[in-house]
Amino acid sequence: MSEIRITYVTITYNAAKVLKRTLDSMLEQDYPNIEHLIIDGASTDDTLKMVNDYIAQSNAAENGHQIQVTSEPDKGIYDAMNKGLRCLTGDYVCFLNAGDFLPGPDTASKIAETVNCQLPAVAYGDTNIVDDEGNFLHHRRLSPPEHLTWKSFRQGMLVCHQAFYARADFAIATPYDMQYRYSADVDWCIRVMKAAAKENVPLQNLHMVVANYTQEGQTTLHHRESLLERYRVMEHHYGRVQTLLLHCWFAVRAFLKY
């Protein structure tokens, strides 16, 4: 069986402050069969200069990576992600945004080795949280379960978006829902897993940290709006009564901790 191709999609807009660690982590990957799509929203800072330098370094390294860049105005991050879905040619896709990065140079090769036989609908792993400088802060509070299903997200987003490798056929058939401004990633993951369940295709736990996630972001900056929108997503997938009861339990559990 030939090696799978992994597509990483990086969304950027005036991201020069944090982009270098993302590009460096991609540059150092020892796995050759990587496609890196950089979807830029017409940045006006040094983002595109950094991207051009990165392309030159990748070409000089002859690492086999294929890099494609588009830069044009968009309607927000989920519109940009949909552009990435329309362009990808890999077997699996992971959204690794500006500031986020892979834990080590062998991360992609380990993932490919794990999924190459079973070809699950989704391969998923653990996440570390880093600060704005890329320094480790802590492991992500929510951990992926051994056996993930679309119903698992009733307990919260147990798998970080950056640690969710979706098989391309499921990903492309499930574009991000543009009605959501902050939580379309949650909805997308659930719908991809629902489609996998319908086709009876398994999901696979990678049992490793596969992403370093920068804590700051749109969800953090718009925390209240994000929580309200995420509640809507859960209502849509799990029902109004069950979502209300679960959130009441979340509140009680948080109170009992203190």
# chains A, B, ... in the order shown; residues from 1 in each chain; ligands from 1

call {"tool": "select_by_dssp", "arguments": {"residues": "segment 14-200 of chain A", "states": "strand (DSSP E)", "output": "ChimeraX atom specification"}}
result
/A:34-40,66-71,92-95,122-130,136-139,164-167

call {"tool": "select_by_dssp", "arguments": {"residues": "segment 90-200 of chain A", "states": "helix (DSSP H, G or I)", "output": "ChimeraX atom specification"}}
result
/A:107-115,150-155,161-163,168-172,184-198

call {"tool": "closest_residue", "arguments": {"among": "A:Asn135, A:Thr149, A:Ser143, A:Thr127", "to": "Val209 of chain A", "atoms": "only C-alpha atoms"}}
result
A:Thr127

call {"tool": "closest_atom_pairs", "arguments": {"of": "segment 167-223 of chain A", "to": "segment 103-122 of chain A", "cutoff": "10 Å", "atoms": "only C-alpha atoms", "output": "JSON lines"}}
result
{"residue": "A:Arg167", "atom": "CA", "partner": "A:Ala121", "partner_atom": "CA", "distance": 5.1}
{"residue": "A:Ala168", "atom": "CA", "partner": "A:Ala121", "partner_atom": "CA", "distance": 8.5}
{"residue": "A:Asp169", "atom": "CA", "partner": "A:Ala121", "partner_atom": "CA", "distance": 8.5}
{"residue": "A:Phe170", "atom": "CA", "partner": "A:Ala121", "partner_atom": "CA", "distance": 7.0}
{"residue": "A:Ala171", "atom": "CA", "partner": "A:Ala121", "partner_atom": "CA", "distance": 9.0}
{"residue": "A:Cys189", "atom": "CA", "partner": "A:Val122", "partner_atom": "CA", "distance": 9.3}
{"residue": "A:Val192", "atom": "CA", "partner": "A:Ala121", "partner_atom": "CA", "distance": 8.1}
{"residue": "A:Met193", "atom": "CA", "partner": "A:Val122", "partner_atom": "CA", "distance": 7.5}
{"residue": "A:Ala195", "atom": "CA", "partner": "A:Ala121", "partner_atom": "CA", "distance": 8.8}
{"residue": "A:Ala196", "atom": "CA", "partner": "A:Ala121", "partner_atom": "CA", "distance": 5.9}
{"residue": "A:Ala197", "atom": "CA", "partner": "A:Ala121", "partner_atom": "CA", "distance": 9.1}
{"residue": "A:Glu199", "atom": "CA", "partner": "A:Ala121", "partner_atom": "CA", "distance": 9.4}
{"residue": "A:Asn200", "atom": "CA", "partner": "A:Ala121", "partner_atom": "CA", "distance": 9.3}
{"residue": "A:Val201", "atom": "CA", "partner": "A:Ala121", "partner_atom": "CA", "distance": 5.9}
{"residue": "A:Pro202", "atom": "CA", "partner": "A:Pro120", "partner_atom": "CA", "distance": 5.2}
{"residue": "A:Leu203", "atom": "CA", "partner": "A:Val122", "partner_atom": "CA", "distance": 4.8}
{"residue": "A:Gln204", "atom": "CA", "partner": "A:Pro120", "partner_atom": "CA", "distance": 6.1}
{"residue": "A:Asn205", "atom": "CA", "partner": "A:Val122", "partner_atom": "CA", "distance": 8.6}
{"residue": "A:Leu206", "atom": "CA", "partner": "A:Thr114", "partner_atom": "CA", "distance": 7.1}
{"residue": "A:His207", "atom": "CA", "partner": "A:Thr114", "partner_atom": "CA", "distance": 9.9}
{"residue": "A:Met208", "atom": "CA", "partner": "A:Ile111", "partner_atom": "CA", "distance": 9.0}
{"residue": "A:Val209", "atom": "CA", "partner": "A:Pro103", "partner_atom": "CA", "distance": 7.1}
{"residue": "A:Val210", "atom": "CA", "partner": "A:Pro103", "partner_atom": "CA", "distance": 6.3}
{"residue": "A:Ala211", "atom": "CA", "partner": "A:Pro103", "partner_atom": "CA", "distance": 6.0}
{"residue": "A:Asn212", "atom": "CA", "partner": "A:Pro103", "partner_atom": "CA", "distance": 6.1}
{"residue": "A:Tyr213", "atom": "CA", "partner": "A:Pro103", "partner_atom": "CA", "distance": 9.8}

call {"tool": "write_last_selection", "arguments": {"atoms": "N, CA, C and O atoms", "output": "CSV table (one decimal), in the first residue's frame"}}
result
chain,number,residue,atom,x,y,z
A,167,ARG,N,-10.6,12.0,7.1
A,167,ARG,CA,-10.3,11.4,5.8
A,167,ARG,C,-10.9,12.3,4.7
A,167,ARG,O,-12.0,12.9,4.9
A,168,ALA,N,-10.2,12.5,3.6
A,168,ALA,CA,-10.6,13.6,2.7
A,168,ALA,C,-12.0,13.4,2.1
A,168,ALA,O,-12.7,14.4,1.9
A,169,ASP,N,-12.4,12.2,1.8
A,169,ASP,CA,-13.7,12.0,1.2
A,169,ASP,C,-14.8,12.5,2.2
A,169,ASP,O,-15.8,13.1,1.8
A,170,PHE,N,-14.7,12.2,3.5
A,170,PHE,CA,-15.7,12.7,4.5
A,170,PHE,C,-15.5,14.2,4.6
A,170,PHE,O,-16.5,14.9,4.8
A,171,ALA,N,-14.3,14.7,4.7
A,171,ALA,CA,-14.1,16.1,4.9
A,171,ALA,C,-14.7,17.0,3.8
A,171,ALA,O,-15.4,18.0,4.0
A,189,CYS,N,-16.8,18.8,13.0
A,189,CYS,CA,-16.3,17.5,13.6
A,189,CYS,C,-17.5,16.6,13.9
A,189,CYS,O,-17.4,15.4,13.5
A,192,VAL,N,-18.8,15.2,10.5
A,192,VAL,CA,-17.9,14.3,9.9
A,192,VAL,C,-18.0,12.9,10.6
A,192,VAL,O,-18.1,11.8,9.9
A,193,MET,N,-18.1,12.9,11.9
A,193,MET,CA,-18.2,11.7,12.7
A,193,MET,C,-19.6,11.0,12.4
A,193,MET,O,-19.7,9.8,12.4
A,195,ALA,N,-21.3,11.2,9.6
A,195,ALA,CA,-21.2,10.6,8.3
A,195,ALA,C,-20.4,9.3,8.4
A,195,ALA,O,-20.7,8.3,7.7
A,196,ALA,N,-19.3,9.2,9.2
A,196,ALA,CA,-18.6,8.0,9.4
A,196,ALA,C,-19.4,6.9,10.0
A,196,ALA,O,-19.3,5.7,9.6
A,197,ALA,N,-20.2,7.2,11.0
A,197,ALA,CA,-21.1,6.3,11.6
A,197,ALA,C,-22.1,5.7,10.6
A,197,ALA,O,-22.4,4.5,10.7
A,199,GLU,N,-21.7,5.3,7.5
A,199,GLU,CA,-21.0,4.4,6.6
A,199,GLU,C,-20.3,3.3,7.3
A,199,GLU,O,-19.7,2.5,6.6
A,200,ASN,N,-20.4,3.3,8.6
A,200,ASN,CA,-19.8,2.2,9.4
A,200,ASN,C,-18.3,2.2,9.2
A,200,ASN,O,-17.7,1.1,9.2
A,201,VAL,N,-17.7,3.4,9.2
A,201,VAL,CA,-16.2,3.5,9.0
A,201,VAL,C,-15.7,3.9,10.4
A,201,VAL,O,-16.1,4.8,11.0
A,202,PRO,N,-14.7,3.2,10.9
A,202,PRO,CA,-14.2,3.4,12.3
A,202,PRO,C,-13.4,4.7,12.4
A,202,PRO,O,-13.0,5.3,11.4
A,203,LEU,N,-13.3,5.2,13.7
A,203,LEU,CA,-12.4,6.3,14.1
A,203,LEU,C,-11.3,5.7,14.8
A,203,LEU,O,-11.4,4.6,15.4
A,204,GLN,N,-10.1,6.3,14.8
A,204,GLN,CA,-8.9,5.7,15.4
A,204,GLN,C,-8.2,6.7,16.3
A,204,GLN,O,-7.9,7.8,16.0
A,205,ASN,N,-8.0,6.3,17.6
A,205,ASN,CA,-7.2,7.0,18.5
A,205,ASN,C,-5.7,6.8,18.3
A,205,ASN,O,-5.3,5.7,18.2
A,206,LEU,N,-5.0,7.9,18.1
A,206,LEU,CA,-3.6,7.9,17.8
A,206,LEU,C,-2.7,7.7,19.0
A,206,LEU,O,-1.5,7.3,18.9
A,207,HIS,N,-3.3,7.9,20.2
A,207,HIS,CA,-2.6,7.7,21.4
A,207,HIS,C,-1.2,8.5,21.5
A,207,HIS,O,-0.2,8.0,21.9
A,208,MET,N,-1.3,9.7,21.0
A,208,MET,CA,-0.1,10.6,21.1
A,208,MET,C,-0.6,12.0,21.0
A,208,MET,O,-1.7,12.3,20.5
A,209,VAL,N,0.3,12.9,21.4
A,209,VAL,CA,0.0,14.4,21.3
A,209,VAL,C,0.3,14.7,19.8
A,209,VAL,O,1.5,14.5,19.3
A,210,VAL,N,-0.6,15.3,19.1
A,210,VAL,CA,-0.4,15.5,17.7
A,210,VAL,C,-0.5,17.0,17.4
A,210,VAL,O,-0.3,17.4,16.2
A,211,ALA,N,-0.8,17.9,18.4
A,211,ALA,CA,-0.9,19.3,18.1
A,211,ALA,C,-0.5,20.1,19.3
A,211,ALA,O,-0.8,19.8,20.5
A,212,ASN,N,0.2,21.2,19.1
A,212,ASN,CA,0.4,22.3,20.1
A,212,ASN,C,-0.5,23.4,19.7
A,212,ASN,O,-0.3,24.0,18.6
A,213,TYR,N,-1.4,23.8,20.5
A,213,TYR,CA,-2.5,24.7,20.2
A,213,TYR,C,-2.2,26.0,21.0
A,213,TYR,O,-2.1,26.0,22.2

call {"tool": "residues_around", "arguments": {"residues": "Ser71 of chain A", "least_positions_apart": "5", "cutoff": "6 Å", "atoms": "only C-alpha atoms", "output": "list in words"}}
result
Asp40, Gly41 and Ala42 of chain A

call {"tool": "write_last_selection", "arguments": {"atoms": "N, CA and C atoms", "output": "PDB file, in the first residue's frame"}}
result
ATOM      1  N   ASP A  40      -4.698  32.515   2.711  1.00  0.00           N
ATOM      2  CA  ASP A  40      -4.500  33.824   3.320  1.00  0.00           C
ATOM      3  C   ASP A  40      -5.635  34.770   2.932  1.00  0.00           C
ATOM      4  N   GLY A  41      -6.036  35.592   3.902  1.00  0.00           N
ATOM      5  CA  GLY A  41      -7.147  36.521   3.673  1.00  0.00           C
ATOM      6  C   GLY A  41      -6.705  37.903   3.233  1.00  0.00           C
ATOM      7  N   ALA A  42      -5.699  37.977   2.341  1.00  0.00           N
ATOM      8  CA  ALA A  42      -5.156  39.247   1.832  1.00  0.00           C
ATOM      9  C   ALA A  42      -4.468  40.036   2.950  1.00  0.00           C
TER      10      ALA A  42
END

call {"tool": "residues_around", "arguments": {"residues": "segment 82-87 of chain A", "least_positions_apart": "2", "cutoff": "9 Å", "atoms": "only C-alpha atoms", "output": "MDAnalysis selection string"}}
result
chainID A and resid 9:11 37:39 77:80 89 93 95 168 171:176

call {"tool": "residues_around", "arguments": {"residues": "Cys94 of chain A", "least_positions_apart": "2", "cutoff": "8 Å", "atoms": "only C-alpha atoms", "output": "number ranges by chain"}}
result
A: 6-9, 92, 96, 162-166

call {"tool": "atom_distance", "arguments": {"atom1": "atom CA of Val159 of chain A", "atom2": "atom CA of Phe101 of chain A"}}
result
15.9 Å

call {"tool": "atom_distance", "arguments": {"atom1": "atom CA of Ala184 of chain A", "atom2": "atom CA of Met234 of chain A"}}
result
11.3 Å

call {"tool": "residues_around", "arguments": {"residues": "Asp132 of chain A", "least_positions_apart": "3", "cutoff": "9 Å", "atoms": "only C-alpha atoms", "output": "list of chain:residue names"}}
result
A:Val18, A:Gly99, A:Asn135, A:Thr214, A:Gln215, A:Glu216

call {"tool": "write_last_selection", "arguments": {"atoms": "N, CA and C atoms", "output": "PDB file, in the first residue's frame"}}
result
ATOM      1  N   VAL A  18       2.916  35.223  14.776  1.00  0.00           N
ATOM      2  CA  VAL A  18       2.887  33.849  15.299  1.00  0.00           C
ATOM      3  C   VAL A  18       3.127  32.775  14.243  1.00  0.00           C
ATOM      4  N   GLY A  99       0.147  29.960  14.387  1.00  0.00           N
ATOM      5  CA  GLY A  99       0.441  29.907  15.821  1.00  0.00           C
ATOM      6  C   GLY A  99       0.428  28.496  16.367  1.00  0.00           C
ATOM      7  N   ASN A 135       5.448  28.528  24.098  1.00  0.00           N
ATOM      8  CA  ASN A 135       5.925  27.780  25.259  1.00  0.00           C
ATOM      9  C   ASN A 135       4.809  26.910  25.842  1.00  0.00           C
ATOM     10  N   THR A 214      -2.199  27.141  20.253  1.00  0.00           N
ATOM     11  CA  THR A 214      -2.033  28.437  20.889  1.00  0.00           C
ATOM     12  C   THR A 214      -3.341  28.863  21.525  1.00  0.00           C
ATOM     13  N   GLN A 215      -3.302  29.150  22.809  1.00  0.00           N
ATOM     14  CA  GLN A 215      -4.518  29.395  23.580  1.00  0.00           C
ATOM     15  C   GLN A 215      -5.324  30.570  23.068  1.00  0.00           C
ATOM     16  N   GLU A 216      -4.672  31.651  22.696  1.00  0.00           N
ATOM     17  CA  GLU A 216      -5.400  32.824  22.217  1.00  0.00           C
ATOM     18  C   GLU A 216      -5.994  32.542  20.847  1.00  0.00           C
TER      19      GLU A 216
END

call {"tool": "closest_residue", "arguments": {"among": "A:Tyr31, A:Tyr238, A:Tyr231, A:Tyr182", "to": "Lys151 of chain A", "atoms": "only C-alpha atoms"}}
result
A:Tyr238

call {"tool": "closest_residue", "arguments": {"among": "A:Met157, A:Ala61, A:Met26, A:Ile129", "to": "Ser183 of chain A", "atoms": "only C-alpha atoms"}}
result
A:Met157
